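Asker: Here you go, one structure.
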Amino acid sequence: MYAQLKEINQKPKPFEFYTADSLWATPHTSEQMLSYHLNEDVDLASRNKVFIDKSIDWISTHFSVGEQTKICDFGCGPGLYTSGLARKGAKVTGVDFSKRSLEYARIYAINEKLLINYIHQNYLEYNPEEQYDLITLIMCDFCALSPVQRKALLTKFHRILKKDGQVLLDTYSLKAFAERTEISLYEQKQLQGFWSKNDYYGFLNTFKYEREKVVLDKYTIIEEEGSKVIYNWLQYFSEAMLISELQDSGFRAQAFFDDVAGSGYSKNNSEFAVIAVKN
Ligand SMILES: C[S@@+](CC[C@H](N)C(=O)[O-])C[C@H]1O[C@@H](n2cnc3c(N)ncnc32)[C@H](O)[C@@H]1O
């Protein structure tokens with residue numbers, strides 16, 4: 001018991017483990033996540049509908065989206081952005097490793113008579129021959145990746161973007177980092193059964209890595225037949241940190257915004273968005 005509690009409270013090295021599929025893509029968690037995505041009032045897995053509609057309008061205008069525009073949305077979920085952008089006429093590809101979200105997205109596209117290319121794959125392993133005008137990675141998914149994964153992803157973006165292609169992504173800011181605190185929490189059936197349909201005991205340990213500006217929410221879920229650990233990492237960024245990472249992969253930060261709906265850059269938001277172009 002003591003040894004197990006010690007392990008639960010153990011702080012790993014930053015980004016030591018990658019378990020994003022346990023959060024998004026198991027049969028049980030993907031069902032929970034899909035309901036969060038589709039809940040138009042909460043900003044848990046996707047942002048709310050009012051924001052997404054605003055974002056799609058802004059993206060369409062800002063990037064002059066038309067019939068010739070080829071867009072790839074990394075981590076597209078149930079297709080809330082891909083559908084809107086396809087409606088604006090773009091040729092859209094969406095990549096996600098949640099089978100359940102993509103099933104929803106595909107059926108939605110058929111019903112709405114939208115032609116969208118959905119790819120069920122880990123986007124870190126997606127290596128198309130195709131080239132795009134615009135790549136999107138929305139809702140701070142960039143922050144869930146390790147420095148090595150981010151570098152590999154940006155290098156790929158560079159390869160699969162046309163010469164004048166652009167990337168739009170958002171990240172959490174250092175303001176949001178300052179607001180995070182370390183906690184240790186124990187709860188039976190944590191998050192109202194989010195982690196399993198069976199009974200379980202859930203531990204949440206939140207660790208802060210001050211030097212790296214990283215936070216880990218480490219969930220240890222103990223069921224009768226075994227236990228699992230889910231590591232939800234978040235990298236928080238300053239403008240300078242993001243500029244430097246982009247530069248290392250051959251990109252220039254062209255413009256900053258408070259969010260992916262083009263809100264003016266206040267430098268005081270808990271997240272911010274960047275448009276990156278190839279050097
Ligand atoms: C925070 S949600 C955002 C979804 C969508 N961009 C939106 O804003 O509505 C992150 C999405 O990325 C997907 N995802 C996370 N890591 C992934 C990976 N390595 N490969 C493919 N999809 C991934 C999840 O399944 C989820 O649909």
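Going through the structure tokens in order, the chains are called A, B, and so on, while each chain numbers its residues from 1 and the ligands are numbered from 1 in the order shown.
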Compile the contact shell of Asp133 in chain A as number ranges by chain: residues with an atom at most 12 Å away, counting only C-alpha atoms, same-chain residues fewer than 5 positions apart removed.
Answerer: A: 63-73, 90-93, 157-168, 276-278
Asker: Kindly compile the residues surrounding ligand 1 within 6 Å, counting only C-alpha atoms and all ligand atoms, and format them as a PDB file with C-alpha atoms, in the first residue's frame.
Answerer:
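What landed in selection10.pdb:
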```
ATOM      1  CA  ALA A  20      -2.799  10.822 -25.165  1.00  0.00           C
ATOM      2  CA  TRP A  24      -9.013  10.603 -26.212  1.00  0.00           C
ATOM      3  CA  ALA A  45     -12.979  19.201 -25.595  1.00  0.00           C
ATOM      4  CA  SER A  46     -13.996  21.789 -28.207  1.00  0.00           C
ATOM      5  CA  GLY A  75      -6.734  16.756 -34.255  1.00  0.00           C
ATOM      6  CA  CYS A  76     -10.030  17.561 -35.988  1.00  0.00           C
ATOM      7  CA  GLY A  77     -12.200  15.696 -33.434  1.00  0.00           C
ATOM      8  CA  LEU A  80     -16.593  21.082 -35.964  1.00  0.00           C
ATOM      9  CA  ASP A  96      -7.640  12.337 -35.632  1.00  0.00           C
ATOM     10  CA  PHE A  97      -6.946   9.130 -33.713  1.00  0.00           C
ATOM     11  CA  SER A  98     -10.390   8.995 -32.113  1.00  0.00           C
ATOM     12  CA  GLN A 121      -4.487   8.116 -37.598  1.00  0.00           C
ATOM     13  CA  ASN A 122      -2.124   9.410 -34.953  1.00  0.00           C
ATOM     14  CA  TYR A 123      -1.191  12.758 -36.482  1.00  0.00           C
ATOM     15  CA  LEU A 124       2.402  12.313 -35.366  1.00  0.00           C
ATOM     16  CA  ILE A 138      -6.768  24.052 -32.655  1.00  0.00           C
ATOM     17  CA  MET A 139      -7.513  24.050 -28.933  1.00  0.00           C
ATOM     18  CA  ASP A 141      -3.128  20.527 -28.789  1.00  0.00           C
TER      19      ASP A 141
END
```
Asker: So which residues touch range 226-242 of chain A within 8 Å, counting only C-alpha atoms, skipping near sequence neighbours fewer than 6 positions away, as number ranges by chain?
Answerer: A: 15, 17-20, 22-23, 143-146, 171-174, 176-177, 212-220
Asker: How would the residues just chosen look if you wrote them out with C-alpha atoms as a JSON list (two decimals), in the first residue's frame?
Answerer:
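What follows is the written file out.json:
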```
[["chain", "number", "residue", "atom", "x", "y", "z"],
["A", 15, "PHE", "CA", 7.06, 14.43, -20.98],
["A", 17, "PHE", "CA", 5.35, 9.20, -20.90],
["A", 18, "TYR", "CA", 2.88, 9.83, -23.72],
["A", 19, "THR", "CA", -0.63, 8.47, -23.09],
["A", 20, "ALA", "CA", -2.80, 10.82, -25.17],
["A", 22, "SER", "CA", -5.92, 6.84, -23.18],
["A", 23, "LEU", "CA", -7.40, 10.29, -22.77],
["A", 143, "CYS", "CA", 0.84, 22.10, -25.74],
["A", 144, "ALA", "CA", 0.17, 18.40, -25.10],
["A", 145, "LEU", "CA", 3.28, 17.39, -27.04],
["A", 146, "SER", "CA", 6.87, 17.03, -25.86],
["A", 171, "THR", "CA", -1.17, 27.64, -27.08],
["A", 172, "TYR", "CA", -1.56, 28.30, -23.38],
["A", 173, "SER", "CA", 0.29, 31.35, -22.06],
["A", 174, "LEU", "CA", 2.56, 31.93, -19.08],
["A", 176, "ALA", "CA", -2.23, 30.47, -17.43],
["A", 177, "PHE", "CA", 0.88, 28.70, -16.09],
["A", 212, "GLU", "CA", 10.27, 24.10, -18.24],
["A", 213, "LYS", "CA", 6.86, 25.85, -17.86],
["A", 214, "VAL", "CA", 5.12, 22.49, -17.98],
["A", 215, "VAL", "CA", 2.23, 21.12, -15.93],
["A", 216, "LEU", "CA", 1.32, 17.46, -15.60],
["A", 217, "ASP", "CA", -2.07, 16.17, -14.52],
["A", 218, "LYS", "CA", -1.29, 12.57, -13.62],
["A", 219, "TYR", "CA", -4.37, 10.40, -13.18],
["A", 220, "THR", "CA", -4.00, 7.00, -11.51]]
```
Asker: Could you check which of A:Asn205, A:Ser196, A:Asn48, A:Asn9 is closest to Glu182 in chain A, using only C-alpha atoms?
Answerer: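 Smallest separation from Glu182 in chain A among the options: A:Asn205.
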Asker: Could you please determine the separation between CA of Ala25 in chain A and CA of Lys99 in chain A in Å, to one decimal place?
Answerer: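 Spanning CA of Ala25 in chain A to CA of Lys99 in chain A is a straight-line distance of 6.9 Å.
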Asker: Could you please write out, as a list in words, every residue of range 1-98 of chain A that DSSP assigns to strand (DSSP E or B)?
Answerer: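 Result set for range 1-98 of chain A (strand (DSSP E or B)): Lys70, Ile71, Cys72, Asp73, Phe74, Lys91, Val92, Thr93, Gly94, Val95 and Asp96 of chain A.
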Asker: May I have the residues from that selection written out with C-alpha atoms, as a PDB file, in the first residue's frame?
Answerer:
```pdb
ATOM      1  CA  LYS A  70      -6.455  23.001 -49.321  1.00  0.00           C
ATOM      2  CA  ILE A  71      -6.670  22.783 -45.536  1.00  0.00           C
ATOM      3  CA  CYS A  72      -5.504  20.060 -43.157  1.00  0.00           C
ATOM      4  CA  ASP A  73      -6.898  20.137 -39.618  1.00  0.00           C
ATOM      5  CA  PHE A  74      -4.725  18.157 -37.191  1.00  0.00           C
ATOM      6  CA  LYS A  91     -10.881  21.132 -49.818  1.00  0.00           C
ATOM      7  CA  VAL A  92     -10.506  19.845 -46.286  1.00  0.00           C
ATOM      8  CA  THR A  93      -8.672  16.944 -44.672  1.00  0.00           C
ATOM      9  CA  GLY A  94      -9.138  16.104 -40.994  1.00  0.00           C
ATOM     10  CA  VAL A  95      -6.824  13.823 -39.019  1.00  0.00           C
ATOM     11  CA  ASP A  96      -7.640  12.337 -35.632  1.00  0.00           C
TER      12      ASP A  96
END
```
Asker: Any idea what's packed within 12 Å of Leu114 in chain A, counting only C-alpha atoms, ignoring anything in its chain fewer than 2 positions away? Could you give it as JSON, numbers by chain?
Answerer: {"A": [79, 82, 83, 84, 85, 86, 87, 88, 89, 90, 91, 92, 93, 105, 106, 107, 108, 109, 110, 111, 112, 116, 117, 118]}
Asker: What does the distance from CA of Arg100 in chain A to CA of Met33 in chain A come to in Å, to one decimal?
Answerer: 9.3 Å
Asker: Point out the residue among A:Leu185, A:Val274, A:Leu154, A:Met1 with the least atom-to-atom distance to Glu245 in chain A, counting only C-alpha atoms.
Answerer: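 Among the listed residues, A:Leu154 lies closest to Glu245 in chain A.
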Asker: Output as a list in words all residues of range 135-166 of chain A that backbone DSSP marks as helix (DSSP H, G or I).
Answerer: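 Of range 135-166 of chain A, only Asp141, Phe142, Cys143, Ala144, Pro147, Val148, Gln149, Arg150, Lys151, Ala152, Leu153, Leu154, Thr155, Lys156, Phe157, His158, Arg159 and Ile160 of chain A fall in helix (DSSP H, G or I).
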Asker: Write to file, as an mmCIF file, in the first residue's frame, the residues of the selection just made, with N, CA and C atoms.
Answerer:
```
data_model
loop_
_atom_site.group_PDB
_atom_site.id
_atom_site.type_symbol
_atom_site.label_atom_id
_atom_site.label_comp_id
_atom_site.auth_asym_id
_atom_site.auth_seq_id
_atom_site.Cartn_x
_atom_site.Cartn_y
_atom_site.Cartn_z
ATOM 1 N N ASP A 141 -3.659 21.888 -28.722
ATOM 2 C CA ASP A 141 -3.128 20.527 -28.789
ATOM 3 C C ASP A 141 -1.606 20.509 -28.894
ATOM 4 N N PHE A 142 -1.055 21.583 -29.417
ATOM 5 C CA PHE A 142 0.407 21.698 -29.526
ATOM 6 C C PHE A 142 1.046 21.574 -28.137
ATOM 7 N N CYS A 143 0.313 22.069 -27.121
ATOM 8 C CA CYS A 143 0.843 22.097 -25.742
ATOM 9 C C CYS A 143 0.925 20.701 -25.126
ATOM 10 N N ALA A 144 0.184 19.753 -25.681
ATOM 11 C CA ALA A 144 0.172 18.403 -25.101
ATOM 12 C C ALA A 144 1.377 17.580 -25.554
ATOM 13 N N PRO A 147 8.775 18.493 -26.392
ATOM 14 C CA PRO A 147 9.590 19.282 -27.322
ATOM 15 C C PRO A 147 9.996 18.474 -28.557
ATOM 16 N N VAL A 148 10.320 17.206 -28.374
ATOM 17 C CA VAL A 148 10.733 16.372 -29.515
ATOM 18 C C VAL A 148 9.552 16.164 -30.477
ATOM 19 N N GLN A 149 8.384 15.895 -29.918
ATOM 20 C CA GLN A 149 7.188 15.704 -30.765
ATOM 21 C C GLN A 149 6.816 17.002 -31.483
ATOM 22 N N ARG A 150 6.942 18.118 -30.780
ATOM 23 C CA ARG A 150 6.592 19.408 -31.408
ATOM 24 C C ARG A 150 7.528 19.711 -32.569
ATOM 25 N N LYS A 151 8.800 19.419 -32.343
ATOM 26 C CA LYS A 151 9.787 19.679 -33.410
ATOM 27 C C LYS A 151 9.466 18.807 -34.636
ATOM 28 N N ALA A 152 9.164 17.527 -34.366
ATOM 29 C CA ALA A 152 8.856 16.609 -35.477
ATOM 30 C C ALA A 152 7.586 17.070 -36.207
ATOM 31 N N LEU A 153 6.601 17.537 -35.443
ATOM 32 C CA LEU A 153 5.339 17.962 -36.061
ATOM 33 C C LEU A 153 5.556 19.220 -36.910
ATOM 34 N N LEU A 154 6.302 20.168 -36.373
ATOM 35 C CA LEU A 154 6.554 21.411 -37.126
ATOM 36 C C LEU A 154 7.385 21.117 -38.384
ATOM 37 N N THR A 155 8.311 20.195 -38.272
ATOM 38 C CA THR A 155 9.126 19.824 -39.434
ATOM 39 C C THR A 155 8.239 19.210 -40.521
ATOM 40 N N LYS A 156 7.296 18.391 -40.065
ATOM 41 C CA LYS A 156 6.342 17.799 -41.020
ATOM 42 C C LYS A 156 5.479 18.886 -41.653
ATOM 43 N N PHE A 157 4.965 19.795 -40.813
ATOM 44 C CA PHE A 157 4.141 20.898 -41.340
ATOM 45 C C PHE A 157 4.926 21.628 -42.441
ATOM 46 N N HIS A 158 6.196 21.870 -42.181
ATOM 47 C CA HIS A 158 7.026 22.593 -43.140
ATOM 48 C C HIS A 158 7.080 21.828 -44.466
ATOM 49 N N ARG A 159 7.192 20.522 -44.363
ATOM 50 C CA ARG A 159 7.305 19.695 -45.577
ATOM 51 C C ARG A 159 5.990 19.645 -46.356
ATOM 52 N N ILE A 160 4.862 19.589 -45.636
ATOM 53 C CA ILE A 160 3.588 19.368 -46.347
ATOM 54 C C ILE A 160 2.837 20.681 -46.642
#
```
Asker: At a cut-off of 10 Å, using only C-alpha atoms, what residues contact His62 in chain A? Leave out same-chain residues fewer than 6 positions from it and give the result as a list in words.
Answerer: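 So, after excluding close chain neighbours, the residues are Ile56, Ala261 and Gly262 of chain A.
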Asker: Which residue out of A:Leu102, A:Leu38, A:Ala273, A:Ile52 has the minimum interatomic distance to Gln254 in chain A when only C-alpha atoms are used?
Answerer: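 Between A:Leu102, A:Leu38, A:Ala273, A:Ile52, the residue approaching Gln254 in chain A most closely is A:Ala273.
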Asker: Can you measure CA of Gln4 in chain A to CA of Glu187 in chain A for me? One decimal in Å is fine.
Answerer: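 About the pair CA of Gln4 in chain A and CA of Glu187 in chain A: they are 16.2 Å apart.
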Asker: For Tyr186 in chain A, find every residue with an atom within 8 Å (counting only C-alpha atoms), except residues of its own chain fewer than 5 positions away, and show them as a VMD selection string.
Answerer: chain A and resid 201 to 204
Asker: Which one is closest to His120 in chain A: A:Glu16, A:Phe51, A:Glu103, A:Gly193? Count only C-alpha atoms.
Answerer: A:Glu103
